[in-house]
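Each remark here refers to the structure printed beneath this line.
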Amino acid sequence: MNVDLLIKGAEIVDGSGAPAAAGDVAIAGDRIVAVGRVEGVRAKRVVNAAGHAVAPGFVDIHSHSDYHYLLSPLAESAVMQGVTCEIIGNCGYAAAPIWGPWLEDRAREYKRIHGLDLDWTTVAGYEARLKAIGVSVNYGVLMGHGTLRGSAMGGADRPAKPEELSAIVEAARRGMREGAVGLSTGLVYAPGCFADRDEVAAIARAVREEGGVLTSHMRSEGDGLLEAIEEIIGIAETAQIPLQISHLKTMHPRNWGKKARMFELIEGARARGVDVMCDRYPYTAANTGLAQVMPRWALEGSKDEQAARLANPATRARIREAILQETPRPERWDTIMISEVTLEKNRRYEGMRVGQAARLAGKEPVEFLLDMLHEERNNVDAIYFAMAEDNLREILRKDQLATLGAVAIGVSHEINNPLAVILGHLDLLARRFAADAEALQRIDRARTASRRIADMITHMSHITRLELSEQSPNLPPILDLRRSSATDPEPS
Ligand SMILES: [Zn+2]
């Protein structure tokens, strides 16, 4: 047999849960053709891996790399963590399908901020662009509910008209046929937040009919957390669609006590047969737009309309009042960090808490914040420190959860979430921590969770098993999960 690459004498951690074993890995083209003791092959290149471990790449099921791939196609922040497959398009915000006023709006912003030309409208068009530049990781594309809604009806705060809903449903069906793996929602964000439950259920049902899954950044992760869980589980039940609740959390100290009821709702749904799972990143701060501190109505419409509200003194005063009502305690401004701006003049505030930055600017916090949002056209990223460490630990301990925070190292949500799947490293870790009972327990939990997530990934349509070669009949499922890119349609 001729192969391109032979990795020899490695410690192979194959992700099946089997103990690590010494062996070789043979690769022809982009396929693994043999694992184990590989003999009698001619390899173009041989890597002597003695003393090193070889494991399948990790799958990050909650990534926002959609546009980042165009900016850094090598996706180093994923690859350097061992992530070789990402599910992108989360939280209702996706690169495709997108059209109409929403495309114009977003194209203008991305051109201005990143110099990017957004020249596609469909999933096929987007994937063609990715293929043309060559992205180093595999990816599965979720369609964003917010992006679909904005495309069909702009940022309007009202129910979708029947013809708008059918445009969304049609675009979602087409997106699925072009290779998307499902639908994501961002029901806390404009314009997704303007949709009611029936609208989301109708789209989810169509997505399910095409074989997709539903992931959800729910309508609330704080004051309305329990209602939001009931809503999204209800949607999944109505649409008969597998549901992944994204980054489960109890946001703000006043809601930390809701965790028992939160688990009851999710576990109760599972017990009556709803296919629901959830994930969680392993830190206690959330990354999202600074504009989220504003009332919902202030985020209606296009970027121009939003900016006009902040430019109008009377409207700005109403926004200010709403923010102060929501956040009467000034200490809150020291729990929100400015993480990314677009204007050079504001760079010095990156990494500062809003309170600290406002003091530096000599302004009162809300004034400072509104000035900055106006200047930046709401394009400011922030990190909200609002979660409890013990809630985090408890969530990560739940075995229906996908994320393995205990053994993952995270970077900012925006760039790449921490590893959602760690299959493979666990036996190696177990050996390394053989004397540490607590670590062994954690690793064991990680094993259970890994199997769950592998199950979830296999739900996903368009992710198919590679043909198993005769030499490797025992390839674990995660090794041969791969998007069926060979059958993707041509861009239209
Ligand atoms: Zn989210």
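Naming scheme: A, B, ... for chains in displayed order of the structure tokens; residues 1 onward per chain; ligands 1 onward as shown.
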> Got a sec to tell me which of range 124-247 of chain A DSSP assigns to alpha helix (DSSP H), as a ChimeraX atom specification?
Replying inline: /A:124-133,145-153,162-177,197-209,225-239
Restricting it to C-alpha atoms, dump the selection as a PDB file, in the first residue's frame.
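This went into part14.pdb:
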```pdb
ATOM      1  CA  ALA A 124     -23.548  27.207  -0.882  1.00  0.00           C
ATOM      2  CA  GLY A 125     -22.128  30.617  -1.787  1.00  0.00           C
ATOM      3  CA  TYR A 126     -20.582  31.040   1.644  1.00  0.00           C
ATOM      4  CA  GLU A 127     -19.039  27.587   1.608  1.00  0.00           C
ATOM      5  CA  ALA A 128     -17.692  28.211  -1.890  1.00  0.00           C
ATOM      6  CA  ARG A 129     -15.945  31.309  -0.544  1.00  0.00           C
ATOM      7  CA  LEU A 130     -14.457  29.264   2.317  1.00  0.00           C
ATOM      8  CA  LYS A 131     -13.319  26.575  -0.077  1.00  0.00           C
ATOM      9  CA  ALA A 132     -11.758  29.141  -2.369  1.00  0.00           C
ATOM     10  CA  ILE A 133      -9.604  30.593   0.406  1.00  0.00           C
ATOM     11  CA  HIS A 145     -32.538  32.638  13.044  1.00  0.00           C
ATOM     12  CA  GLY A 146     -31.709  36.312  13.630  1.00  0.00           C
ATOM     13  CA  THR A 147     -29.879  36.529  10.325  1.00  0.00           C
ATOM     14  CA  LEU A 148     -32.761  34.881   8.454  1.00  0.00           C
ATOM     15  CA  ARG A 149     -35.337  37.149  10.112  1.00  0.00           C
ATOM     16  CA  GLY A 150     -33.315  40.291   9.468  1.00  0.00           C
ATOM     17  CA  SER A 151     -32.935  39.292   5.829  1.00  0.00           C
ATOM     18  CA  ALA A 152     -36.649  38.721   5.346  1.00  0.00           C
ATOM     19  CA  MET A 153     -37.997  41.677   7.334  1.00  0.00           C
ATOM     20  CA  PRO A 162     -47.114  35.076   6.599  1.00  0.00           C
ATOM     21  CA  GLU A 163     -45.169  35.906   3.442  1.00  0.00           C
ATOM     22  CA  GLU A 164     -42.109  36.862   5.497  1.00  0.00           C
ATOM     23  CA  LEU A 165     -42.274  33.643   7.459  1.00  0.00           C
ATOM     24  CA  SER A 166     -42.502  31.607   4.272  1.00  0.00           C
ATOM     25  CA  ALA A 167     -39.470  33.439   2.871  1.00  0.00           C
ATOM     26  CA  ILE A 168     -37.533  32.515   6.022  1.00  0.00           C
ATOM     27  CA  VAL A 169     -38.704  28.904   5.918  1.00  0.00           C
ATOM     28  CA  GLU A 170     -37.852  28.581   2.234  1.00  0.00           C
ATOM     29  CA  ALA A 171     -34.372  30.022   2.760  1.00  0.00           C
ATOM     30  CA  ALA A 172     -33.821  27.664   5.687  1.00  0.00           C
ATOM     31  CA  ARG A 173     -34.913  24.639   3.653  1.00  0.00           C
ATOM     32  CA  ARG A 174     -32.636  25.611   0.834  1.00  0.00           C
ATOM     33  CA  GLY A 175     -29.768  26.205   3.271  1.00  0.00           C
ATOM     34  CA  MET A 176     -30.212  22.697   4.665  1.00  0.00           C
ATOM     35  CA  ARG A 177     -30.141  21.226   1.171  1.00  0.00           C
ATOM     36  CA  ARG A 197     -42.356  30.995  19.918  1.00  0.00           C
ATOM     37  CA  ASP A 198     -44.590  29.929  17.027  1.00  0.00           C
ATOM     38  CA  GLU A 199     -42.341  31.606  14.482  1.00  0.00           C
ATOM     39  CA  VAL A 200     -39.265  29.780  15.763  1.00  0.00           C
ATOM     40  CA  ALA A 201     -41.165  26.490  15.930  1.00  0.00           C
ATOM     41  CA  ALA A 202     -42.325  26.836  12.318  1.00  0.00           C
ATOM     42  CA  ILE A 203     -38.778  27.378  11.070  1.00  0.00           C
ATOM     43  CA  ALA A 204     -37.408  24.628  13.311  1.00  0.00           C
ATOM     44  CA  ARG A 205     -39.971  22.190  11.968  1.00  0.00           C
ATOM     45  CA  ALA A 206     -38.872  22.850   8.384  1.00  0.00           C
ATOM     46  CA  VAL A 207     -35.232  22.514   9.408  1.00  0.00           C
ATOM     47  CA  ARG A 208     -36.029  19.207  11.072  1.00  0.00           C
ATOM     48  CA  GLU A 209     -37.789  17.956   7.956  1.00  0.00           C
ATOM     49  CA  LEU A 225     -34.109  31.841  32.552  1.00  0.00           C
ATOM     50  CA  LEU A 226     -36.699  29.270  33.605  1.00  0.00           C
ATOM     51  CA  GLU A 227     -39.369  30.616  31.243  1.00  0.00           C
ATOM     52  CA  ALA A 228     -36.777  30.624  28.458  1.00  0.00           C
ATOM     53  CA  ILE A 229     -35.904  26.978  29.081  1.00  0.00           C
ATOM     54  CA  GLU A 230     -39.599  26.068  29.007  1.00  0.00           C
ATOM     55  CA  GLU A 231     -40.052  28.028  25.802  1.00  0.00           C
ATOM     56  CA  ILE A 232     -37.174  26.448  23.899  1.00  0.00           C
ATOM     57  CA  ILE A 233     -37.982  22.933  25.080  1.00  0.00           C
ATOM     58  CA  GLY A 234     -41.582  23.541  24.002  1.00  0.00           C
ATOM     59  CA  ILE A 235     -40.342  24.633  20.590  1.00  0.00           C
ATOM     60  CA  ALA A 236     -38.203  21.511  20.278  1.00  0.00           C
ATOM     61  CA  GLU A 237     -41.151  19.324  21.257  1.00  0.00           C
ATOM     62  CA  THR A 238     -43.471  21.025  18.779  1.00  0.00           C
ATOM     63  CA  ALA A 239     -40.930  20.808  15.989  1.00  0.00           C
TER      64      ALA A 239
END
```
>> For ligand 1, return the neighbouring residues as number ranges by chain (distance at most 8 Å; only C-alpha atoms and all ligand atoms).
In response: A: 90-91, 186, 216-217, 246-247, 288
> For Val59 in chain A, which residue out of A:Gly140, A:Gly154, A:Gly179, A:Pro242 is the nearest one, using only C-alpha atoms?
Replying inline: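 Ranked by minimum distance to Val59 in chain A, first place goes to A:Gly140.
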>> What parts of range 68-208 of chain A does DSSP call strand (DSSP E or B)? I'd like the answer as a VMD selection string.
In response: chain A and resid 83 to 88 138 to 144 182 to 186
Range 261-289 of chain A near range 366-386 of chain A within 10 Å: what's each residue's closest atom pair and its distance in Å to one decimal, counting only C-alpha atoms, ordered by chain then ascending residue number, as CSV?
```
residue,atom,partner,partner_atom,distance
A:Tyr283,CA,A:Phe385,CA,9.4
A:Thr284,CA,A:Phe385,CA,6.4
A:Ala285,CA,A:Phe385,CA,4.3
A:Ala286,CA,A:Tyr384,CA,5.0
A:Asn287,CA,A:Ile383,CA,4.4
A:Thr288,CA,A:Ala382,CA,5.6
A:Gly289,CA,A:Asp381,CA,4.5
```
>> Using Å and a single decimal, report how far CA of Gly301 in chain A sits from CA of Ala156 in chain A.
In response: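 It comes out at 5.7 Å.
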> Nearest to Pro253 in chain A among A:Ala195, A:Ala298, A:Val293, A:Met387, with distances taken over only C-alpha atoms: which residue is it?
Replying inline: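 Closest candidate: A:Met387.
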> If we count only C-alpha atoms, what is near Ala28 in chain A at a cut-off of 8 Å, once residues fewer than 6 positions away on the same chain are taken out, given as a PyMOL selection string?
Replying inline: chain A and resi 2-5
>> With distances taken over only C-alpha atoms, which residue among A:Asn48, A:Asn138, A:Asn312, A:Thr250 lies nearest Pro73 in chain A?
In response: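 Once distances to Pro73 in chain A are computed over only C-alpha atoms, the minimum belongs to A:Asn138.
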>> Quick check, in Å to one decimal: how far apart do CA of Asn391 in chain A and CA of Lys249 in chain A lie?
In response: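 Atom-to-atom, CA of Asn391 in chain A to CA of Lys249 in chain A, that is 7.7 Å.
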> So which one's closest to Glu76 in chain A, A:Ala107, A:Arg112, A:Val135, A:Ala18? Using only C-alpha atoms, please.
Replying inline: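 Looking only at the distances to Glu76 in chain A, the closest residue turns out to be A:Val135.
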>> So the first atom is CA of Ala437 in chain A and the second is CA of Leu392 in chain A; what is the distance between them in Å, to one decimal place?
In response: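 So the two atoms, CA of Ala437 in chain A and CA of Leu392 in chain A, lie 21.0 Å apart.
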